[in-house]
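Below is the file model16.cif, which contains mmCIF, C-alpha atoms.
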```
data_upload
loop_
_atom_site.label_atom_id
_atom_site.label_comp_id
_atom_site.auth_asym_id
_atom_site.auth_seq_id
_atom_site.Cartn_x
_atom_site.Cartn_y
_atom_site.Cartn_z
CA MET A 10 40.43 115.95 105.97
CA ASN A 11 40.74 116.66 109.68
CA LEU A 12 42.53 119.93 110.32
CA PRO A 13 44.02 121.22 113.58
CA ASN A 14 41.66 123.03 115.93
CA ASP A 15 42.00 126.75 115.20
CA THR A 16 39.61 128.07 117.83
CA ASN A 17 40.81 129.93 120.91
CA THR A 18 40.97 127.61 123.91
CA PRO A 19 41.57 128.36 127.60
CA ALA A 20 44.97 127.56 129.06
CA ALA A 21 43.37 124.86 131.20
CA ALA A 22 42.11 123.03 128.09
CA PRO A 23 44.88 122.87 125.49
CA SER A 24 43.94 122.22 121.88
CA PRO A 25 44.51 118.77 120.33
CA ALA A 26 47.48 120.22 118.44
CA ALA A 27 49.02 121.57 121.65
CA GLN A 28 48.43 118.25 123.40
CA ALA A 29 50.13 116.45 120.51
CA GLY A 30 53.06 118.84 120.77
CA SER A 31 53.36 118.17 124.50
CA GLN A 32 53.32 114.44 123.85
CA GLY A 33 55.93 114.96 121.15
CA ALA A 34 58.17 116.73 123.66
CA THR A 35 57.89 113.75 126.00
CA ARG A 36 58.73 111.34 123.18
CA ALA A 37 61.76 113.45 122.22
CA LEU A 38 63.08 113.24 125.78
CA ALA A 39 62.41 109.50 125.98
CA SER A 40 64.39 109.00 122.77
CA LEU A 41 67.21 111.15 124.14
CA LEU A 42 67.45 109.10 127.35
CA ALA A 43 67.25 105.78 125.49
CA THR A 44 70.16 106.89 123.31
CA ALA A 45 72.18 107.89 126.38
CA ARG A 46 71.63 104.52 128.05
CA ARG A 47 72.94 102.56 125.08
CA THR A 48 75.89 104.84 124.33
CA PRO A 49 79.25 103.81 125.84
CA GLY A 50 80.49 106.48 128.21
CA LEU A 51 77.06 107.99 128.77
CA ALA A 52 75.31 105.09 130.49
CA ALA A 53 77.18 105.75 133.73
CA SER A 54 75.65 109.20 133.97
CA SER A 55 72.08 108.02 133.31
CA ALA A 56 70.92 108.96 136.82
CA ARG A 57 72.02 112.57 136.32
CA LEU A 58 70.44 112.60 132.88
CA ASP A 59 67.18 111.33 134.36
CA GLU A 60 67.18 114.23 136.80
CA LEU A 61 67.92 116.68 134.02
CA ALA A 62 65.16 115.20 131.87
CA VAL A 63 62.56 115.91 134.56
CA LEU A 64 63.51 119.58 134.46
CA LEU A 65 63.83 119.70 130.69
CA ASP A 66 60.43 118.09 130.27
CA GLY A 67 58.84 121.07 131.99
CA ASP A 68 60.82 123.45 129.80
CA LEU A 69 59.73 121.70 126.61
CA ARG A 70 56.11 121.74 127.72
CA ALA A 71 56.50 125.47 128.35
CA LEU A 72 57.98 125.77 124.86
CA GLU A 73 54.89 124.12 123.35
CA ARG A 74 52.69 126.66 125.13
CA LEU A 75 54.86 129.51 123.86
CA LEU A 76 54.64 128.16 120.31
CA ALA A 77 50.84 128.17 120.54
CA GLU A 78 50.90 131.75 121.86
CA ALA A 79 53.40 132.98 119.25
CA VAL A 80 51.15 131.76 116.44
CA PRO A 81 47.63 132.45 117.75
CA ALA A 82 44.51 130.55 116.75
CA ASP A 83 42.81 133.61 115.26
CA GLY A 84 41.26 131.90 112.23
CA ARG A 85 43.48 133.59 109.63
CA PRO A 86 44.89 131.32 106.91
CA ILE A 87 48.53 132.23 107.60
CA THR A 88 48.30 131.50 111.31
CA SER A 89 46.28 128.34 110.66
CA ALA A 90 48.95 127.10 108.25
CA ALA A 91 51.75 127.98 110.66
CA ARG A 92 50.03 126.22 113.58
CA HIS A 93 49.40 123.18 111.39
CA LEU A 94 53.16 122.71 111.10
CA LEU A 95 54.55 124.20 114.32
CA LEU A 96 52.19 122.46 116.74
CA ALA A 97 52.60 119.05 115.11
CA PRO A 98 54.96 116.79 117.07
CA GLY A 99 58.56 117.46 116.07
CA LYS A 100 62.00 116.46 117.29
CA ARG A 101 62.61 119.88 118.91
CA LEU A 102 66.34 119.30 118.51
CA ARG A 103 67.18 122.97 118.06
CA PRO A 104 65.33 124.17 121.18
CA MET A 105 66.92 121.38 123.20
CA LEU A 106 70.32 122.51 121.96
CA THR A 107 69.55 126.03 123.17
CA LEU A 108 68.30 124.93 126.58
CA LEU A 109 71.12 122.48 127.29
CA ALA A 110 73.96 124.55 125.89
CA GLY A 111 72.70 127.71 127.54
CA SER A 112 72.59 125.92 130.88
CA LEU A 113 76.28 125.13 130.47
CA ALA A 114 76.83 128.89 130.18
CA GLY A 115 75.22 129.33 133.59
CA LEU A 116 71.88 130.75 132.44
CA ALA A 117 68.59 129.58 133.91
CA ARG A 118 66.61 127.67 131.32
CA ALA A 119 63.63 129.97 131.86
CA ARG A 120 65.87 132.77 130.58
CA LEU A 121 66.60 130.68 127.48
CA LEU A 122 63.04 129.87 126.48
CA ASP A 123 62.64 132.81 124.09
CA ALA A 124 65.85 131.85 122.27
CA ALA A 125 64.73 128.21 122.13
CA LEU A 126 61.37 129.34 120.78
CA ALA A 127 63.09 131.49 118.15
CA ALA A 128 65.17 128.52 117.00
CA GLU A 129 62.04 126.40 116.51
CA LEU A 130 60.18 129.22 114.77
CA VAL A 131 63.04 129.73 112.31
CA HIS A 132 63.12 126.00 111.67
CA GLY A 133 59.37 125.95 111.10
CA ALA A 134 59.62 128.88 108.70
CA THR A 135 62.21 127.03 106.61
CA LEU A 136 60.01 123.92 106.46
CA LEU A 137 56.99 125.93 105.29
CA HIS A 138 59.13 127.50 102.57
CA ASP A 139 60.95 124.27 101.65
CA ASP A 140 57.73 122.37 101.02
CA VAL A 141 56.75 125.01 98.48
CA ILE A 142 60.17 124.95 96.80
CA ASP A 143 60.25 121.14 96.74
CA ASP A 144 56.53 120.52 96.03
CA GLY A 145 56.43 118.50 99.25
CA ASP A 146 53.11 116.86 100.11
CA LEU A 147 53.88 115.39 103.55
CA ARG A 148 55.51 116.91 106.62
CA ARG A 149 55.70 115.49 110.15
CA GLY A 150 53.30 112.76 109.13
CA LEU A 151 50.61 115.27 108.05
CA PRO A 152 49.65 116.85 104.72
CA ALA A 153 52.03 119.76 104.16
CA ALA A 154 50.58 123.22 104.80
CA ARG A 155 50.86 124.01 101.09
CA VAL A 156 48.58 121.08 100.29
CA VAL A 157 45.87 122.32 102.68
CA TRP A 158 46.14 126.11 102.24
CA GLY A 159 48.12 126.52 99.01
CA ASN A 160 51.64 127.66 98.18
CA SER A 161 51.08 131.39 98.70
CA VAL A 162 49.66 130.96 102.19
CA SER A 163 52.44 128.52 103.12
CA VAL A 164 55.11 131.05 102.10
CA LEU A 165 53.39 133.84 104.05
CA ALA A 166 52.99 131.55 107.06
CA GLY A 167 56.74 130.94 106.96
CA ASP A 168 57.36 134.68 106.81
CA PHE A 169 55.02 135.15 109.77
CA ALA A 170 56.91 132.55 111.83
CA LEU A 171 60.21 134.19 110.94
CA ILE A 172 58.98 137.61 112.10
CA ARG A 173 57.87 136.10 115.41
CA ALA A 174 61.32 134.53 115.80
CA LEU A 175 63.11 137.84 115.21
CA GLU A 176 60.83 139.56 117.71
CA ARG A 177 61.85 137.05 120.38
CA ILE A 178 65.54 137.45 119.59
CA ALA A 179 65.32 141.23 119.61
CA GLY A 180 63.61 141.08 122.98
CA TYR A 181 66.91 140.14 124.63
CA GLY A 182 68.41 143.47 123.62
CA CYS A 183 71.71 141.73 122.85
CA ALA A 184 73.34 143.14 119.70
CA ALA A 185 75.67 140.14 119.33
CA LEU A 186 72.77 137.68 119.43
CA ILE A 187 70.80 139.69 116.87
CA GLY A 188 73.85 140.02 114.63
CA GLU A 189 74.53 136.30 114.70
CA ALA A 190 70.88 135.57 113.93
CA LEU A 191 70.97 137.80 110.85
CA THR A 192 74.21 136.17 109.71
CA MET A 193 72.63 132.74 110.19
CA LEU A 194 69.56 133.68 108.14
CA GLY A 195 71.74 135.06 105.37
CA ARG A 196 73.73 131.82 105.23
CA MET A 197 70.54 129.77 105.05
CA VAL A 198 69.16 131.81 102.14
CA GLU A 199 72.46 131.71 100.24
CA ALA A 200 72.72 127.93 100.67
CA GLU A 201 69.17 127.36 99.47
CA ALA A 202 69.82 129.58 96.46
CA LEU A 203 73.01 127.64 95.65
CA GLN A 204 71.16 124.34 95.83
CA LEU A 205 68.41 125.58 93.53
CA ALA A 206 70.85 127.06 91.02
CA THR A 207 72.82 123.82 90.70
CA ARG A 208 70.04 121.26 90.39
CA GLY A 209 71.12 118.32 88.28
CA GLN A 210 74.75 119.47 88.11
CA VAL A 211 77.11 116.57 88.75
CA GLU A 212 80.52 118.22 88.53
CA GLY A 213 81.80 119.34 91.93
CA ALA A 214 78.69 117.92 93.60
CA ARG A 215 80.34 116.63 96.75
CA GLU A 216 82.23 119.85 97.52
CA ARG A 217 79.12 121.91 96.81
CA TYR A 218 77.10 119.68 99.10
CA TRP A 219 79.19 120.66 102.13
CA ALA A 220 78.57 124.34 101.46
CA VAL A 221 74.82 123.72 101.25
CA ALA A 222 74.68 121.53 104.36
CA ARG A 223 76.70 123.98 106.47
CA GLY A 224 74.65 126.97 105.36
CA LYS A 225 71.17 125.50 105.07
CA THR A 226 71.10 123.30 108.18
CA ALA A 227 74.21 123.55 110.34
CA SER A 228 74.01 127.34 110.66
CA LEU A 229 70.75 127.18 112.65
CA PHE A 230 72.08 124.36 114.84
CA GLU A 231 75.15 126.49 115.48
CA TRP A 232 73.15 129.60 116.39
CA ALA A 233 70.85 127.61 118.67
CA ALA A 234 73.79 126.20 120.63
CA ARG A 235 75.72 129.47 120.81
CA ALA A 236 72.78 131.62 121.93
CA GLY A 237 73.05 131.08 125.68
CA ALA A 238 76.81 131.50 125.81
CA VAL A 239 76.57 134.65 123.70
CA LEU A 240 73.99 136.05 126.11
CA ALA A 241 76.28 135.16 129.02
CA GLY A 242 79.25 136.80 127.30
CA ASP A 243 81.27 133.56 127.31
CA LEU A 244 82.65 133.62 123.77
CA ASP A 245 85.08 130.72 124.30
CA LEU A 246 82.21 128.46 125.32
CA ALA A 247 80.10 129.83 122.46
CA GLU A 248 82.83 128.82 120.02
CA ARG A 249 83.10 125.29 121.42
CA LEU A 250 79.35 124.76 121.49
CA GLY A 251 78.92 126.27 118.03
CA LEU A 252 81.47 123.91 116.48
CA PHE A 253 79.82 120.96 118.23
CA ALA A 254 76.39 121.95 116.96
CA ALA A 255 77.58 122.68 113.42
CA GLY A 256 78.90 119.12 113.19
CA CYS A 257 75.56 117.83 114.44
CA GLY A 258 73.77 119.94 111.86
CA VAL A 259 75.79 118.50 108.98
CA ALA A 260 75.10 114.97 110.27
CA PHE A 261 71.40 115.79 110.53
CA GLN A 262 71.31 117.02 106.93
CA ILE A 263 73.06 113.88 105.71
CA MET A 264 70.56 111.67 107.51
CA ASP A 265 67.67 113.76 106.16
CA ASP A 266 69.00 113.17 102.66
CA VAL A 267 69.30 109.45 103.32
CA HIS A 268 65.67 109.43 104.47
CA ASP A 269 64.66 111.01 101.16
CA LEU A 270 65.78 107.78 99.51
CA GLY A 271 63.11 105.78 101.32
CA CYS A 272 65.19 104.93 104.38
CA GLY A 273 62.81 106.32 107.02
CA GLY A 274 61.50 109.80 107.81
CA ASP A 275 58.17 111.58 107.88
CA LYS A 276 58.22 113.82 104.83
CA THR A 277 57.53 113.33 101.12
CA LEU A 278 59.74 110.59 99.69
CA PHE A 279 62.10 111.29 96.78
CA ALA A 280 61.41 115.04 96.86
CA ASP A 281 65.11 115.85 96.50
CA LEU A 282 65.56 113.38 93.65
CA ARG A 283 62.55 114.73 91.78
CA GLU A 284 64.05 118.22 92.10
CA GLY A 285 67.43 117.03 90.79
CA LYS A 286 69.24 117.88 94.04
CA VAL A 287 72.64 116.24 94.30
CA THR A 288 72.71 115.29 97.98
CA LEU A 289 75.63 113.46 99.58
CA PRO A 290 74.31 109.90 99.03
CA VAL A 291 73.51 110.83 95.43
CA ALA A 292 76.98 112.35 94.94
CA LEU A 293 78.56 109.16 96.32
CA ALA A 294 76.37 107.05 94.04
CA LEU A 295 77.37 109.08 90.99
CA GLU A 296 81.01 108.23 91.69
CA ARG A 297 80.12 104.54 91.73
CA ASP A 298 77.41 104.52 89.03
CA PRO A 299 78.08 107.36 86.53
CA GLY A 300 75.01 106.45 84.51
CA LEU A 301 72.84 108.01 87.21
CA GLY A 302 73.87 111.49 86.05
CA ALA A 303 71.57 111.54 83.04
CA LEU A 304 68.61 110.34 85.10
CA LEU A 305 69.23 113.01 87.71
CA ALA A 306 69.51 115.74 85.09
CA ALA A 307 66.25 114.58 83.52
CA GLY A 308 64.52 114.94 86.88
CA ALA A 309 65.86 118.46 87.29
CA THR A 310 64.38 119.57 83.94
CA ASP A 311 61.03 117.74 84.25
CA ASP A 312 58.17 120.23 84.06
CA GLY A 313 56.05 118.14 86.43
CA GLY A 314 53.50 117.20 83.77
CA ASP A 315 53.64 113.49 84.57
CA ALA A 316 53.69 113.40 88.37
CA LEU A 317 53.25 109.64 88.62
CA GLY A 318 55.96 109.04 86.07
CA ALA A 319 58.32 111.40 87.86
CA ALA A 320 57.68 109.67 91.17
CA ALA A 321 58.32 106.25 89.63
CA ALA A 322 61.56 107.48 88.03
CA ALA A 323 62.70 108.97 91.36
CA GLY A 324 61.89 105.73 93.15
CA SER A 325 63.95 103.78 90.62
CA LEU A 326 66.84 106.22 91.01
CA ALA A 327 66.65 105.93 94.81
CA ALA A 328 66.80 102.15 94.54
CA ARG A 329 69.99 102.38 92.48
CA VAL A 330 71.54 104.78 95.00
CA ARG A 331 70.78 102.34 97.81
CA ALA A 332 71.91 99.31 95.82
CA CYS A 333 75.42 100.66 95.22
CA GLY A 334 75.93 101.23 98.96
CA ALA A 335 75.93 105.02 98.79
CA ALA A 336 73.19 105.43 101.41
CA ASP A 337 75.09 103.25 103.87
CA GLU A 338 78.30 105.16 103.20
CA ALA A 339 76.49 108.46 103.81
CA ARG A 340 75.29 107.11 107.17
CA ARG A 341 78.87 106.28 108.11
CA ILE A 342 80.00 109.79 107.17
CA ALA A 343 77.20 111.25 109.30
CA ALA A 344 78.34 109.12 112.24
CA THR A 345 81.89 110.42 111.78
CA HIS A 346 80.63 114.00 111.98
CA VAL A 347 78.84 113.14 115.21
CA ASP A 348 82.00 111.53 116.64
CA GLU A 349 84.02 114.64 115.84
CA ALA A 350 81.30 116.90 117.26
CA THR A 351 80.96 115.05 120.56
CA ALA A 352 84.75 115.08 121.03
CA ARG A 353 84.46 118.84 121.41
CA LEU A 354 82.35 118.23 124.52
CA ASP A 355 85.09 116.30 126.36
CA PRO A 356 85.96 119.25 128.66
CA LEU A 357 82.26 119.39 129.62
CA ALA A 358 81.87 115.66 130.29
CA GLY A 359 81.44 116.19 134.03
CA ARG A 360 78.22 118.17 133.53
CA ALA A 361 74.86 116.46 133.05
CA GLU A 362 74.09 118.94 130.26
CA GLY A 363 77.25 117.86 128.46
CA GLY A 364 76.15 114.24 128.59
CA ALA A 365 72.69 115.18 127.37
CA LEU A 366 74.16 117.10 124.44
CA ALA A 367 76.28 114.09 123.52
CA ALA A 368 73.21 111.86 123.66
CA LEU A 369 71.30 114.33 121.51
CA ALA A 370 74.09 114.19 118.93
CA ARG A 371 74.08 110.38 118.95
CA SER A 372 70.31 110.32 118.48
CA ILE A 373 70.76 111.92 115.07
CA VAL A 374 72.41 108.82 113.64
CA GLN A 375 70.90 106.05 115.80
#
```

Transcribe the structure of this file into structure tokens.
Amino acid sequence: MNLPNDTNTPAAAPSPAAQAGSQGATRALASLLATARRTPGLAASSARLDELAVLLDGDLRALERLLAEAVPADGRPITSAARHLLLAPGKRLRPMLTLLAGSLAGLARARLLDAALAAELVHGATLLHDDVIDDGDLRRGLPAARVVWGNSVSVLAGDFALIRALERIAGYGCAALIGEALTMLGRMVEAEALQLATRGQVEGARERYWAVARGKTASLFEWAARAGAVLAGDLDLAERLGLFAAGCGVAFQIMDDVHDLGCGGDKTLFADLREGKVTLPVALALERDPGLGALLAAGATDDGGDALGAAAAAGSLAARVRACGAADEARRIAATHVDEATARLDPLAGRAEGGALAALARSIVQ
């Protein structure tokens, strides 16, 4: 197995992982612009978005360098595992939220880089932990860190990334920003605990899902978008941007859950189903096909002894969820959340950053 290069390299010769991350940043921007050009109402501002993208490209490349510095290539297992995930090409949605939203608050994007870095580090920490919780084998198209280094190292690597994130946030010396970060982390932990405690439980699944999605995913989106406005002391703008981003976060979680059913994505398929998690498409399917409840409960109590059998059962369950139209309905609900989120940006429509944020939201469901 080819692992990322964990030797120290001069700044003039970035490692293969850093180069991949830089290329990933470019692809993320290209996707953002393509979405803008095919979205009614945004195409007219494509010239301004092109100009903004040139500047944002440099910021995202700087972010990749900061990621490599925050998690050094010192040969230790925890840093190797963290780099394996963090330097792999990712969507970088949360850092882009921070950079774009913070610019609307009047802050220079260079001033926002530490907050953007913190958002990506927190996200990376959650992925390292989630793959252990969910027995995930694939992440960002690569073997999950837990597969290469083991569960214990993956958990510690996530803890390491989280510490680095808090150091960056604390560096601003802004009590409000620190307080909101701690609140966000608490919400994420509580949501993950709720999801674990209710595996395989059908009753109240849809209502419970919203609590999990808002806490586990939307809370980080919200913090990332609010950060710049909080630093600038513009609490009205922070509220508007936070509500926009929270809606995007819920839509992102819905689409992630749809991908778990074999509808795209770059992580282990059917992981949620094998864990008995009642995601939105599964909750919708249970309302249409009540017989799925027993199969889901069986997955939640499986001791993992027959991995191939469990995977086959999850694949069969996913096929039934798709067949009854629940995955398509979940996509439509995600699109509705994006519509409602982007409507909050209407007062900011005259700013290139506002158009870019709208395009970023649309990219979640397109």

- Selected residue, from A:Asp68, A:Asp269, A:Asp59, A:Glu199, that lies nearest to Glu284 in chain A when counting all atoms listed in the file: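 Closest candidate: A:Asp269.
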
- Message: Residue by residue, what does the PyMOL selection byres ((chain A and resi 134) around 7) grab here? Present the result as a list in words.
- Response: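 Checking the PyMOL selection byres ((chain A and resi 134) around 7) against this file, the residues are Leu130, Val131, His132, Gly133, Thr135, Leu136, Leu137, His138, Gly167, Asp168, Ala170 and Leu171 of chain A.
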
Selected by the PyMOL selection byres ((chain A and resi 151) around 9) in the shown coordinates: which residues, as a PDB file with C-alpha atoms, in the coordinates of the input?
```pdb
ATOM      1  CA  HIS A  93      49.400 123.180 111.390  1.00  0.00           C
ATOM      2  CA  LEU A  94      53.160 122.710 111.100  1.00  0.00           C
ATOM      3  CA  ALA A  97      52.600 119.050 115.110  1.00  0.00           C
ATOM      4  CA  ASP A 146      53.110 116.860 100.110  1.00  0.00           C
ATOM      5  CA  LEU A 147      53.880 115.390 103.550  1.00  0.00           C
ATOM      6  CA  ARG A 148      55.510 116.910 106.620  1.00  0.00           C
ATOM      7  CA  ARG A 149      55.700 115.490 110.150  1.00  0.00           C
ATOM      8  CA  GLY A 150      53.300 112.760 109.130  1.00  0.00           C
ATOM      9  CA  PRO A 152      49.650 116.850 104.720  1.00  0.00           C
ATOM     10  CA  ALA A 153      52.030 119.760 104.160  1.00  0.00           C
ATOM     11  CA  ALA A 154      50.580 123.220 104.800  1.00  0.00           C
ATOM     12  CA  ASP A 275      58.170 111.580 107.880  1.00  0.00           C
ATOM     13  CA  LYS A 276      58.220 113.820 104.830  1.00  0.00           C
TER      14      LYS A 276
END
```

- Message: When you count only C-alpha atoms, which of these residues is closest to Ile172 in chain A: A:Ala79, A:Leu72, A:Met105, A:Leu116?
- Response: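 Of all the options, A:Ala79 lies closest to Ile172 in chain A.
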
- Message: Env of Asp143 in chain A: 7 Å cut, atoms = all atoms listed in the file, seq-sep filter 3 positions within chain, self excluded. Answer as a PyMOL selection string.
- Response: chain A and resi 139-140+280+284

Those residues with C-alpha atoms, as a compact mmCIF listing (two decimals), keeping the file's coordinate frame please?
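Wrote out.txt, looks like this:
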```txt
# COMPACT_ATOMS: atom_id res chain seq x y z
CA ASP A 139 60.95 124.27 101.65
CA ASP A 140 57.73 122.37 101.02
CA ALA A 280 61.41 115.04 96.86
CA GLU A 284 64.05 118.22 92.10
```

- Message: Which residue is closest to Ala214 in chain A? Choose from A:Ala125, A:Val291, A:Ala323, A:Ala339 and count all atoms listed in the file.
- Response: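 Under the stated criterion, the closest residue is A:Val291.
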
- Note on the structure: Separating CA of Ala344 in chain A from CA of Leu366 in chain A, to the nearest tenth of an Å, is a gap of 15.2 Å

- Which of these, A:Val330, A:Gly67, A:Thr207, A:His268, has the shortest distance to Gly300 in chain A once you count all atoms listed in the file?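 Residue with the minimum atom-to-atom distance to Gly300 in chain A: A:Val330.
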
- Spatial sel., origin (81.9, 120.6, 97.2), limit 12 Å, all atoms listed in the file, listed as JSON, numbers by chain: {"A": [203, 204, 207, 210, 211, 212, 213, 214, 215, 216, 217, 218, 219, 220, 221, 222, 223, 287, 288, 289, 292, 293]}

- For the atom pair CA of Leu270 in chain A and CA of Ala327 in chain A, what is the interatomic distance in Å to one decimal place?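 It comes out at 5.1 Å.
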
- From the list A:Pro299, A:Glu78, A:Thr226, A:Asp123, the nearest residue to Ala179 in chain A using only C-alpha atoms is A:Asp123

- Query: Nearest to Ala306 in chain A: which of A:Gly242, A:Gly209, A:Gly364, A:Gly237 is it, counting all atoms listed in the file?
  - Reply: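 Going through A:Gly242, A:Gly209, A:Gly364, A:Gly237 one by one, the smallest distance to Ala306 in chain A is for A:Gly209.
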
- Can you work out the spacing between CA of Ala336 in chain A and CA of Ile263 in chain A in Å, to one decimal?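 Going from CA of Ala336 in chain A over to CA of Ile263 in chain A, I get 9.5 Å.
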
- Message: Distance cut-off 7 Å, centre (78.9, 117.1, 110.3) in file coordinates, counting all atoms listed in the file: which residues qualify? Return them as JSON, numbers by chain.
- Response: {"A": [255, 256, 257, 258, 259, 260, 343, 346, 347]}

- Task: Using the chain letters and residue numbers of this document, give as a list in words the residues selected by the PyMOL selection byres ((chain A and resi 354) around 9).
- Result: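 Against this file, the PyMOL selection byres ((chain A and resi 354) around 9) returns the residues Arg249, Leu250, Phe253, Ala350, Thr351, Ala352, Arg353, Asp355, Pro356, Leu357, Ala358, Gly363, Gly364, Leu366 and Ala367 of chain A.
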
- Task: List the neighbours of Arg235 in chain A out to 9 Å using all atoms listed in the file; skip same-chain residues closer than 6 positions along the sequence, and give me the result as a PyMOL selection string.
- Result: chain A and resi 106-107+110-111+186+244+246-251+254
